[in-house]
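Chemist: One file is attached below, run.txt, containing compact mmCIF, C-alpha atoms.
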# COMPACT_ATOMS: atom_id res chain seq x y z
CA GLU A 1 105.85 59.17 163.56
CA HIS A 2 105.97 61.04 160.24
CA SER A 3 107.53 58.11 158.40
CA VAL A 4 104.98 55.59 159.68
CA GLY A 5 101.94 57.72 158.85
CA ASN A 6 100.98 59.25 162.19
CA PRO A 7 100.72 62.96 161.24
CA ALA A 8 99.11 64.18 164.47
CA GLU A 9 101.81 62.65 166.67
CA ALA A 10 104.52 63.85 164.28
CA ARG A 11 103.15 67.39 164.40
CA THR A 12 103.14 67.35 168.21
CA HIS A 13 106.82 66.34 168.33
CA TYR A 14 107.85 68.79 165.62
CA ASP A 15 106.05 71.65 167.38
CA ALA A 16 107.79 70.80 170.66
CA ALA A 17 111.15 70.67 168.89
CA LEU A 18 110.46 74.01 167.20
CA ASP A 19 109.60 75.65 170.50
CA ALA A 20 112.80 74.33 172.09
CA TYR A 21 115.00 75.45 169.19
CA ARG A 22 113.47 78.94 169.37
CA THR A 23 114.15 79.13 173.10
CA LEU A 24 117.76 78.10 172.46
CA GLY A 25 118.12 80.54 169.57
CA ASP A 26 119.18 77.63 167.36
CA ARG A 27 118.31 78.87 163.85
CA ARG A 28 119.58 75.73 162.13
CA GLY A 29 117.48 73.42 164.29
CA GLU A 30 114.51 75.72 163.73
CA ALA A 31 115.08 75.70 159.96
CA ASN A 32 115.38 71.91 159.81
CA THR A 33 112.20 71.48 161.84
CA ARG A 34 110.31 74.01 159.75
CA HIS A 35 111.37 72.10 156.63
CA ALA A 36 110.17 68.82 158.18
CA LEU A 37 106.85 70.43 159.12
CA GLY A 38 106.51 71.64 155.53
CA GLU A 39 107.01 68.06 154.32
CA LEU A 40 104.39 66.83 156.80
CA GLU A 41 101.79 69.39 155.76
CA ARG A 42 102.48 68.91 152.04
CA GLY A 43 101.94 65.18 152.45
CA GLY A 44 98.72 65.88 154.31
CA ASP A 45 97.42 68.13 151.52
CA ASN A 46 97.64 71.30 153.62
CA PRO A 47 99.41 73.57 151.08
CA ALA A 48 98.98 76.86 152.94
CA GLU A 49 100.53 75.49 156.14
CA ALA A 50 103.27 73.75 154.16
CA ARG A 51 104.14 76.99 152.34
CA THR A 52 104.35 78.89 155.64
CA HIS A 53 106.82 76.38 157.07
CA TYR A 54 108.91 76.15 153.91
CA ASP A 55 109.12 79.95 153.64
CA ALA A 56 110.30 80.19 157.25
CA ALA A 57 112.89 77.46 156.65
CA LEU A 58 114.09 79.19 153.49
CA ASP A 59 114.52 82.48 155.34
CA ALA A 60 116.51 80.79 158.10
CA TYR A 61 118.73 78.85 155.68
CA GLY A 62 119.39 82.08 153.78
CA THR A 63 120.41 83.87 156.98
CA LEU A 64 122.73 80.99 157.85
CA GLY A 65 124.22 80.89 154.36
CA ASP A 66 123.23 77.21 154.12
CA ARG A 67 123.03 76.67 150.36
CA ARG A 68 122.14 72.98 150.66
CA GLY A 69 119.26 73.66 153.04
CA GLU A 70 118.15 76.46 150.78
CA ALA A 71 118.34 74.20 147.69
CA ASN A 72 116.38 71.39 149.35
CA THR A 73 113.67 73.79 150.49
CA ARG A 74 113.47 75.47 147.08
CA HIS A 75 112.98 72.03 145.51
CA ALA A 76 110.28 71.19 148.06
CA LEU A 77 108.52 74.50 147.34
CA GLY A 78 108.67 73.66 143.64
CA GLU A 79 106.99 70.33 144.33
CA LEU A 80 104.33 72.09 146.40
CA GLU A 81 103.55 74.68 143.74
CA ARG A 82 103.56 72.11 140.93
CA GLY A 83 101.07 70.00 142.88
CA GLY A 84 98.94 73.11 143.39
CA ASP A 85 98.94 73.89 139.67
CA ASN A 86 101.09 77.02 140.04
CA PRO A 87 103.61 76.34 137.26
CA ALA A 88 105.28 79.76 137.19
CA GLU A 89 106.03 79.68 140.92
CA ALA A 90 107.14 76.05 140.70
CA ARG A 91 109.54 76.85 137.87
CA THR A 92 111.04 79.76 139.85
CA HIS A 93 111.76 77.52 142.84
CA TYR A 94 113.10 74.65 140.73
CA ASP A 95 115.43 76.98 138.83
CA ALA A 96 116.77 78.39 142.09
CA ALA A 97 117.28 74.86 143.47
CA LEU A 98 119.04 73.79 140.28
CA ASP A 99 121.41 76.75 140.46
CA ALA A 100 122.26 75.97 144.09
CA TYR A 101 122.82 72.26 143.45
CA ARG A 102 125.14 73.09 140.54
CA THR A 103 127.11 75.48 142.74
CA LEU A 104 127.41 72.74 145.37
CA GLY A 105 128.37 70.14 142.79
CA ASP A 106 125.46 67.99 143.95
CA ARG A 107 124.70 65.77 140.92
CA LEU A 108 121.90 63.90 142.71
CA GLY A 109 120.08 67.08 143.71
CA GLU A 110 120.56 68.40 140.19
CA ALA A 111 119.18 65.17 138.69
CA GLN A 112 116.12 65.15 140.93
CA THR A 113 115.37 68.80 140.17
CA ARG A 114 115.84 68.22 136.43
CA GLN A 115 113.38 65.35 136.63
CA SER A 116 110.86 67.54 138.47
CA LEU A 117 111.30 70.26 135.84
CA GLY A 118 110.65 67.62 133.19
CA GLU A 119 107.39 66.67 134.91
CA LEU A 120 106.42 70.36 135.13
CA GLU A 121 107.07 71.01 131.44
CA ARG A 122 105.36 67.78 130.35
CA GLY A 123 102.27 68.79 132.34
CA GLY A 124 102.41 72.21 130.69
CA ASP A 125 102.55 70.71 127.20
CA ASN A 126 106.13 71.78 126.56
CA PRO A 127 107.56 68.49 125.27
CA ALA A 128 110.87 69.86 123.98
CA GLU A 129 111.75 71.48 127.32
CA ALA A 130 110.57 68.39 129.20
CA ARG A 131 112.76 66.14 127.05
CA THR A 132 115.79 68.36 127.67
CA HIS A 133 115.35 68.11 131.44
CA TYR A 134 114.66 64.38 131.42
CA ASP A 135 117.73 63.70 129.27
CA ALA A 136 119.91 65.72 131.64
CA ALA A 137 118.46 63.88 134.65
CA LEU A 138 119.04 60.51 132.99
CA ASP A 139 122.67 61.41 132.25
CA SER A 140 123.25 62.37 135.89
CA TYR A 141 121.58 59.25 137.26
CA ARG A 142 123.69 57.06 134.97
CA THR A 143 126.86 58.86 136.06
CA LEU A 144 125.91 58.29 139.70
CA GLY A 145 124.96 54.64 139.10
CA ASP A 146 121.45 55.37 140.41
CA ARG A 147 119.39 52.60 138.76
CA LEU A 148 116.12 53.64 140.41
CA GLY A 149 116.47 57.30 139.40
CA ALA A 150 117.33 56.24 135.84
CA ALA A 151 114.35 53.87 135.71
CA ASN A 152 111.95 56.56 136.94
CA THR A 153 113.26 58.98 134.32
CA ARG A 154 112.95 56.36 131.58
CA ARG A 155 109.32 55.84 132.54
CA SER A 156 108.72 59.60 132.45
CA LEU A 157 110.34 59.77 129.01
CA GLY A 158 108.06 56.94 127.92
CA GLU A 159 105.02 58.93 129.04
CA LEU A 160 106.30 62.02 127.26
CA GLU A 161 106.85 60.17 123.98
CA ARG A 162 103.54 58.29 124.21
CA LEU A 163 101.58 61.50 124.70
CA SER A 164 103.58 63.11 121.87
CA GLY A 165 102.68 60.26 119.52
CA ASN A 166 106.22 58.85 119.32
CA LEU A 167 105.18 55.32 120.14
CA ALA A 168 108.36 53.45 119.15
CA GLU A 169 110.44 55.74 121.37
CA ALA A 170 107.89 55.42 124.17
CA ARG A 171 107.99 51.62 124.01
CA SER A 172 111.79 51.68 124.09
CA HIS A 173 111.82 53.81 127.26
CA TYR A 174 109.11 51.75 128.94
CA ASP A 175 110.89 48.48 128.18
CA ALA A 176 114.14 49.84 129.60
CA ALA A 177 112.30 51.03 132.72
CA VAL A 178 110.63 47.63 133.25
CA ASP A 179 114.01 45.94 132.85
CA ALA A 180 115.59 48.21 135.46
CA TYR A 181 112.71 47.92 137.92
CA MET A 182 112.82 44.12 137.71
CA THR A 183 116.59 44.14 138.25
CA ILE A 184 116.38 46.27 141.39
CA GLY A 185 113.20 44.57 142.64
CA SER A 186 110.85 47.56 142.45
CA ARG A 187 107.42 45.95 142.03
CA LEU A 188 105.66 49.33 142.19
CA GLY A 189 107.80 50.84 139.44
CA GLU A 190 107.28 47.73 137.33
CA ALA A 191 103.50 47.81 137.89
CA ASN A 192 103.21 51.49 136.98
CA THR A 193 105.22 51.00 133.80
CA ARG A 194 103.31 47.84 132.84
CA LEU A 195 100.10 49.85 133.10
CA ASN A 196 101.62 52.53 130.83
CA LEU A 197 102.71 49.88 128.34
CA GLY A 198 99.22 48.42 128.34
CA GLN A 199 97.75 51.83 127.56
CA LEU A 200 100.24 52.25 124.72
CA GLU A 201 99.42 48.84 123.20
CA PHE A 202 95.68 49.45 123.61
CA SER A 203 95.96 52.77 121.77
CA VAL A 204 97.47 51.07 118.70
CA GLY A 205 95.08 48.10 118.71
CA ASN A 206 97.41 45.46 120.16
CA GLN A 207 94.70 44.11 122.44
CA ALA A 208 96.38 40.84 123.41
CA GLU A 209 99.62 42.56 124.41
CA ALA A 210 97.65 45.24 126.26
CA ARG A 211 95.86 42.56 128.28
CA THR A 212 99.18 40.86 129.10
CA GLN A 213 100.60 44.11 130.46
CA TYR A 214 97.42 45.02 132.36
CA ASP A 215 97.23 41.56 133.97
CA ALA A 216 100.87 41.79 135.07
CA ALA A 217 100.26 45.27 136.51
CA LEU A 218 97.13 44.11 138.33
CA ASP A 219 98.95 41.16 139.87
CA ALA A 220 101.72 43.44 141.15
CA TYR A 221 99.31 46.03 142.56
CA ARG A 222 97.39 43.30 144.40
CA THR A 223 100.61 41.89 145.86
CA LEU A 224 101.55 45.38 147.04
CA GLY A 225 98.06 46.15 148.38
CA ASP A 226 97.97 49.25 146.17
CA ARG A 227 94.25 49.96 145.77
CA HIS A 228 94.82 53.06 143.65
CA GLY A 229 96.96 51.19 141.12
CA GLU A 230 94.50 48.32 141.13
CA ALA A 231 91.61 50.71 140.45
CA ASN A 232 93.42 52.36 137.54
CA THR A 233 94.21 48.97 136.02
CA ARG A 234 90.67 47.69 136.50
CA LEU A 235 89.36 50.76 134.69
CA ALA A 236 91.80 50.15 131.84
CA LEU A 237 90.78 46.48 131.65
CA GLY A 238 87.14 47.55 131.57
CA GLU A 239 87.83 49.74 128.55
CA LEU A 240 89.67 46.87 126.88
CA GLU A 241 86.80 44.42 127.42
CA ARG A 242 84.19 46.97 126.31
CA VAL A 243 85.99 47.62 123.03
CA ASN A 244 86.40 43.88 122.48
CA GLY A 245 82.68 43.26 122.93
CA ASN A 246 82.84 41.53 126.30
CA PRO A 247 80.23 43.48 128.31
CA ALA A 248 80.11 41.13 131.30
CA ALA A 249 83.89 41.24 131.78
CA ALA A 250 83.88 45.00 131.24
CA ARG A 251 81.17 45.44 133.88
CA THR A 252 83.09 43.31 136.39
CA ASN A 253 86.19 45.45 135.98
CA TYR A 254 84.29 48.74 136.10
CA ASP A 255 82.48 47.69 139.28
CA ALA A 256 85.77 46.72 140.94
CA ALA A 257 87.37 50.03 139.91
CA LEU A 258 84.39 52.01 141.15
CA ASP A 259 84.43 50.26 144.52
CA ALA A 260 88.13 51.02 144.95
CA TYR A 261 87.87 54.68 143.93
CA ARG A 262 84.96 55.23 146.31
CA THR A 263 86.82 53.52 149.16
CA LEU A 264 89.85 55.73 148.45
CA GLY A 265 87.72 58.89 148.18
CA GLU A 266 88.92 59.66 144.64
CA PRO A 267 86.09 61.47 142.80
CA LEU A 268 88.03 61.81 139.54
CA GLY A 269 88.50 58.06 139.19
CA GLU A 270 84.88 57.56 140.22
CA ALA A 271 83.70 59.99 137.52
CA GLN A 272 85.78 58.36 134.79
CA THR A 273 84.57 54.89 135.73
CA LEU A 274 80.91 55.90 135.97
CA LEU A 275 81.10 57.56 132.56
CA SER A 276 82.62 54.44 131.02
CA ARG A 277 80.01 52.21 132.67
CA ALA A 278 77.27 54.52 131.41
CA GLN A 279 78.53 54.08 127.85
CA LEU A 280 78.63 50.31 128.35
CA ARG A 281 75.08 50.20 129.69
CA ALA A 282 73.74 52.49 126.97
CA SER A 283 75.05 50.11 124.31
CA ALA A 284 72.64 47.41 125.56
CA GLY A 285 69.76 49.53 124.22
CA SER A 286 66.91 48.36 126.49
CA ASP A 287 64.74 50.87 128.36
CA GLN A 288 66.16 49.73 131.70
CA ALA A 289 69.73 49.92 130.39
CA ILE A 290 69.14 53.46 129.08
CA ALA A 291 67.71 54.53 132.46
CA GLU A 292 70.64 52.98 134.38
CA ALA A 293 73.13 54.52 131.97
CA GLY A 294 71.52 57.91 132.54
CA ASP A 295 71.87 57.47 136.30
CA ASP A 296 75.56 56.60 135.90
CA ALA A 297 76.16 59.59 133.64
CA GLU A 298 74.49 62.01 136.07
CA ASN A 299 76.49 60.58 138.97
CA ALA A 300 79.64 60.86 136.86
CA ALA A 301 78.95 64.57 136.34
CA ALA A 302 78.51 65.12 140.09
CA ALA A 303 81.78 63.29 140.83
CA ALA A 304 83.60 65.24 138.12
CA LEU A 305 82.46 68.54 139.63
CA ALA A 306 83.57 67.32 143.07
CA ALA A 307 86.98 66.70 141.49
CA SER A 308 86.98 70.22 139.94
CA GLN A 309 86.89 68.78 136.40
CA PRO A 310 84.24 70.85 134.56
CA THR A 311 85.10 69.53 131.08
CA LEU A 312 84.64 65.93 132.23
CA ALA A 313 81.40 66.99 133.91
CA ALA A 314 80.25 68.50 130.60
CA ARG A 315 80.94 65.21 128.79
CA ALA A 316 78.95 63.32 131.41
CA LEU A 317 76.06 65.81 131.31
CA LEU A 318 75.99 65.62 127.51
CA LEU A 319 75.63 61.85 127.68
CA ALA A 320 73.11 62.03 130.52
CA GLY A 321 70.99 64.59 128.67
CA SER A 322 71.00 62.54 125.48
CA LEU A 323 70.01 59.40 127.39
CA ARG A 324 67.19 61.11 129.30
CA VAL A 325 65.75 62.48 126.06
CA ARG A 326 66.09 59.05 124.47
CA GLY A 327 64.36 57.46 127.48
CA GLY A 328 61.42 59.86 127.28
CA ASP A 329 62.29 62.26 130.12
CA VAL A 330 62.65 65.11 127.66
CA LYS A 331 62.37 68.02 130.08
CA ARG A 332 65.14 66.70 132.34
CA GLY A 333 67.25 65.71 129.36
CA GLU A 334 67.07 69.19 127.85
CA SER A 335 67.94 70.73 131.23
CA LEU A 336 70.99 68.47 131.49
CA LEU A 337 72.07 69.50 128.01
CA VAL A 338 71.95 73.15 129.05
CA GLY A 339 74.15 72.17 132.00
CA ALA A 340 76.56 70.42 129.63
CA TRP A 341 76.87 73.58 127.55
CA ALA A 342 77.49 75.68 130.68
CA HIS A 343 80.33 73.48 131.94
CA ALA A 344 81.94 73.03 128.52
CA GLU A 345 83.39 76.53 128.42
CA GLY A 346 86.68 76.29 126.55
CA SER A 347 85.64 73.29 124.47
CA ASP A 348 83.87 74.36 121.27
CA GLU A 349 83.33 70.74 120.25
CA LEU A 350 81.48 69.82 123.46
CA ARG A 351 79.43 73.00 123.34
CA ALA A 352 78.57 72.28 119.71
CA LYS A 353 77.35 68.80 120.56
CA ALA A 354 75.25 70.12 123.43
CA LEU A 355 73.67 72.73 121.15
CA LEU A 356 73.00 70.20 118.39
CA THR A 357 71.47 67.60 120.70
CA LEU A 358 69.31 70.21 122.43
CA GLY A 359 68.23 71.75 119.14
CA GLN A 360 67.30 68.35 117.71
CA SER A 361 65.29 67.56 120.83
CA LEU A 362 63.39 70.86 120.59
CA ALA A 363 62.75 70.31 116.90
CA SER A 364 61.16 66.90 117.51
CA GLY A 365 58.98 68.10 120.38
CA GLU A 366 56.79 71.04 121.30
CA GLY A 367 59.61 73.53 121.71
CA SER A 368 60.15 76.65 119.63
CA GLN A 369 61.16 75.64 116.11
CA GLY A 370 62.98 78.94 115.69
CA ALA A 371 65.06 78.27 118.81
CA ALA A 372 65.70 74.72 117.63
CA GLN A 373 67.00 75.91 114.27
CA LEU A 374 69.15 78.57 115.92
CA LEU A 375 70.80 76.03 118.23
CA VAL A 376 71.40 73.53 115.44
CA SER A 377 72.94 76.22 113.24
CA ALA A 378 75.21 77.42 116.05
CA GLY A 379 76.20 73.86 116.84
CA LEU A 380 77.16 73.17 113.25
CA LEU A 381 79.21 76.36 113.08
CA LEU A 382 81.13 75.44 116.24
CA LEU A 383 81.67 71.86 115.07
CA ASP A 384 83.10 73.09 111.79
CA SER A 385 85.38 75.55 113.61
CA SER A 386 86.59 72.66 115.78
CA GLY A 387 87.77 70.77 112.71
CA VAL A 388 85.07 68.08 112.86
CA GLU A 389 84.15 66.77 109.42
CA LEU A 390 80.50 67.51 108.57
CA THR A 391 78.12 65.83 106.17
CA ASP A 392 77.79 67.49 102.77
CA GLU A 393 74.37 68.86 103.72
CA ALA A 394 75.59 70.28 107.04
CA GLN A 395 78.68 71.78 105.43
CA ALA A 396 76.52 73.47 102.81
CA ALA A 397 74.35 75.00 105.56
CA VAL A 398 77.44 76.28 107.38
CA ASN A 399 78.90 77.73 104.18
CA LYS A 400 75.63 79.56 103.46
CA LEU A 401 75.52 81.08 106.96
CA ARG A 402 79.04 82.37 106.49
CA SER A 403 78.55 83.65 102.97
CA ASP A 404 75.41 85.51 104.09
CA GLY A 405 77.40 87.09 106.94
CA HIS A 406 75.21 85.52 109.66
CA GLU A 407 77.82 83.44 111.52
CA GLN A 408 78.61 85.81 114.39
CA GLN A 409 74.96 86.81 114.90
CA VAL A 410 73.88 83.17 115.09
CA LEU A 411 76.59 82.38 117.64
CA ARG A 412 75.73 85.43 119.75
CA ASP A 413 71.99 84.68 119.69
CA ALA A 414 72.54 81.04 120.62
CA GLU A 415 74.77 82.00 123.55
CA ALA A 416 72.22 84.54 124.76
CA LEU A 417 69.48 81.90 124.57
CA MET A 418 71.55 79.38 126.57
CA ARG A 419 72.49 81.93 129.22
CA SER A 420 68.85 82.89 129.54
CA ALA A 421 67.97 79.23 130.08
CA ILE A 422 70.58 78.96 132.83
CA GLN A 423 69.33 82.10 134.58
CA THR A 424 65.76 80.79 134.59
CA GLY A 425 66.82 77.47 136.15
CA GLY A 426 67.00 75.45 132.96
CA GLY A 427 70.47 73.98 133.44
CA GLU A 428 71.01 70.99 135.77
CA GLY A 429 74.35 70.91 137.49
Spit out the file's structure as structure tokens when you get a sec.

Modeler:
Amino acid sequence: EHSVGNPAEARTHYDAALDAYRTLGDRRGEANTRHALGELERGGDNPAEARTHYDAALDAYGTLGDRRGEANTRHALGELERGGDNPAEARTHYDAALDAYRTLGDRLGEAQTRQSLGELERGGDNPAEARTHYDAALDSYRTLGDRLGAANTRRSLGELERLSGNLAEARSHYDAAVDAYMTIGSRLGEANTRLNLGQLEFSVGNQAEARTQYDAALDAYRTLGDRHGEANTRLALGELERVNGNPAAARTNYDAALDAYRTLGEPLGEAQTLLSRAQLRASAGSDQAIAEAGDDAENAAAAALAASQPTLAARALLLAGSLRVRGGDVKRGESLLVGAWAHAEGSDELRAKALLTLGQSLASGEGSQGAAQLLVSAGLLLLDSSGVELTDEAQAAVNKLRSDGHEQQVLRDAEALMRSAIQTGGGEG
């Protein structure tokens, strides 16, 4: 029942087995069932229940002196904590699993744990450590003759090198992964890697090659019935068509992606697609297009917050606020810009843009000119600190504020003004 996707029935059987093992005093049966229940709950996105079962299994395996059971459960706990964004706990469990697998001489367990550690370090922006783990995993998979494990690791190395800006190395790993996936008949692995290759080619301006890879990925995802992969590829194709000046084709792909993400209940994908569609619509320039783009941007912000992505929400609110002001709904636009500033904590560049746009709106309307100047000045200071190149005039204004010793006071006053606006209900979202 677990393997065919019937979690309720699986849970009923596991619970009955657990009760029987307890009655019999069979600690090993209890441990194995607890581990299986942990897998079930982790797959069902119930981390607290999964952790309870894994911890009980780990305790039982430890009592029994079962190093393999202990290693497997430690690895599973690492996966759980990594998925829950608890990197320190994940690393502790992975390291313990790795030590046990080495003691047991289990090269496959060691390889899988090394690969997981690579994923953890890549997600934590530790490329050197990630590369070390991936290379060790790849060596083990090759020794074992595990083509699928080697292909998966090659793809991960491709992602690592792409995100590190080492595009030639990334392409080499991706190509090797595609080769291996095609040899062993893994359409899903091939599709995922084709999508990655398309993103790489798009990033360096090889639009034709990017389209070739995206189309191949889309065909594979459709054959597999993988709506998530199809949605991701449709979004990527939408970006490609938008950049190439094909708005109708871009819209078709965005709409297809949005439909899939909504069907799947994936608010992050929905937010990303809505934001991209908002940018596409805004480029048309008509009053109706600006209004529709504003709607998309506001909906993108709501979806981003539902996905617990405040920085993405800030980007969407910044666009929405700018579009509302541009479309004549100044009061709502300014309120959205305050919301953008509030959610952009940790991103000086986004906060700077929110302050600048809000200050410029106040300056052109009936708002306080002193407040407008304060916000513009603070925005320019933050932009400069973020490394954004300013115009000569703006740079001169920033230099004067600093030479006069006013920088910190301006930033403090602007923050106080924005927080006051939020407290009085001036920040949407």

Chemist: Show me, as a PyMOL selection string, the residues that have an atom within 10 Å of A:Leu80 when counting only C-alpha atoms, minus same-chain residues fewer than 5 positions from it.

Modeler: chain A and resi 38-39+42-43+45-48+50-51+54+74-75+85-86+89-90+93

Chemist: May I have the residues within 9 Å of stretch 413-422 of chain A as an MDAnalysis selection string, using only C-alpha atoms and disregarding those fewer than 5 positions away in the same chain?

Modeler: chainID A and resid 335 338:339 341:342 355 371 374:375 377:379 408 427:428

Chemist: List as a list in words the protein and nucleic acid residues near stretch 206-208 of chain A, meaning an atom at most 12 Å away when only C-alpha atoms are counted, but skip any in the same chain fewer than 5 places from it.

Modeler: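 With the cut-off at 12 Å, the set is Leu197, Gly198, Gln199, Leu200, Glu201, Gln213, Tyr214, Asp215, Ala236, Leu237, Glu239, Leu240, Glu241, Arg242, Val243 and Asn244 of chain A.
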
Chemist: Go through A:Thr12, A:Gly25, A:Ala168, A:Asn192 and flag the residue nearest A:Leu37, using all atoms listed in the file for the distances.

Modeler: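 Nearest to A:Leu37: A:Thr12.
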
Chemist: What lies within 7 Å of stretch 285-290 of chain A using all atoms listed in the file, ignoring chain neighbours under 4 positions off, as a PyMOL selection string?

Modeler: chain A and resi 281+294+323+327

Chemist: For A:Gly118, list every protein, DNA or RNA residue within 6 Å, evaluated using only C-alpha atoms, and leave out those in the same chain fewer than 5 positions away; present the list as a ChimeraX atom specification.

Modeler: /A:130,133-134

Chemist: Under the rule that all atoms listed in the file are counted, which of A:Asp146, A:Glu70, A:Glu129, A:Asp19 is the nearest residue to A:Ser116?

Modeler: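 That would be A:Glu129, the residue with the smallest distance to A:Ser116.
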
Chemist: Which residue is closest to A:Tyr94? Choose from A:Leu120, A:Leu380, A:Ala354, A:Ala314 and count all atoms listed in the file.

Modeler: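 Closest to A:Tyr94 of all the choices is A:Leu120.
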
Chemist: May I ask for the distance between atom CA of A:Thr103 and atom CA of A:Tyr141, given in Å to one decimal place?

Modeler: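 Interatomic distance, atom CA of A:Thr103 to atom CA of A:Tyr141: 18.0 Å.
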
Chemist: Could I get stretch 239-245 of chain A rebuilt with all heavy atoms, written as a CSV table (one decimal), in the frame of the given file?

Modeler:
chain,number,residue,atom,x,y,z
A,239,GLU,N,87.8,49.1,129.9
A,239,GLU,CA,87.8,49.7,128.6
A,239,GLU,C,88.2,48.7,127.5
A,239,GLU,O,87.6,48.7,126.4
A,239,GLU,CB,88.8,50.9,128.5
A,239,GLU,CG,88.5,52.1,129.5
A,239,GLU,CD,87.2,52.8,129.1
A,239,GLU,OE1,87.3,53.8,128.3
A,239,GLU,OE2,86.1,52.4,129.6
A,240,LEU,N,89.2,47.9,127.8
A,240,LEU,CA,89.7,46.9,126.9
A,240,LEU,C,88.5,45.9,126.6
A,240,LEU,O,88.3,45.5,125.4
A,240,LEU,CB,90.9,46.1,127.5
A,240,LEU,CG,91.5,45.0,126.7
A,240,LEU,CD1,92.2,45.5,125.4
A,240,LEU,CD2,92.5,44.2,127.5
A,241,GLU,N,87.9,45.4,127.6
A,241,GLU,CA,86.8,44.4,127.4
A,241,GLU,C,85.6,45.0,126.7
A,241,GLU,O,85.0,44.4,125.9
A,241,GLU,CB,86.4,43.8,128.8
A,241,GLU,CG,87.5,43.1,129.5
A,241,GLU,CD,88.0,41.9,128.8
A,241,GLU,OE1,87.5,41.5,127.8
A,241,GLU,OE2,88.9,41.3,129.4
A,242,ARG,N,85.3,46.3,127.0
A,242,ARG,CA,84.2,47.0,126.3
A,242,ARG,C,84.4,47.1,124.8
A,242,ARG,O,83.6,46.8,124.0
A,242,ARG,CB,83.9,48.4,126.9
A,242,ARG,CG,82.8,49.1,126.2
A,242,ARG,CD,82.4,50.3,127.1
A,242,ARG,NE,83.4,51.3,127.2
A,242,ARG,CZ,83.5,52.4,126.4
A,242,ARG,NH1,82.7,52.5,125.4
A,242,ARG,NH2,84.4,53.3,126.6
A,243,VAL,N,85.6,47.5,124.4
A,243,VAL,CA,86.0,47.6,123.0
A,243,VAL,C,86.0,46.3,122.3
A,243,VAL,O,85.6,46.1,121.1
A,243,VAL,CB,87.4,48.3,122.9
A,243,VAL,CG1,87.9,48.2,121.5
A,243,VAL,CG2,87.3,49.8,123.3
A,244,ASN,N,86.3,45.2,123.1
A,244,ASN,CA,86.4,43.9,122.5
A,244,ASN,C,85.1,43.2,122.5
A,244,ASN,O,85.0,42.0,122.2
A,244,ASN,CB,87.5,43.0,123.2
A,244,ASN,CG,88.9,43.4,122.8
A,244,ASN,OD1,89.1,43.9,121.7
A,244,ASN,ND2,89.8,43.2,123.7
A,245,GLY,N,84.0,43.9,122.9
A,245,GLY,CA,82.7,43.3,122.9
A,245,GLY,C,82.4,42.2,124.0
A,245,GLY,O,81.7,41.3,123.8
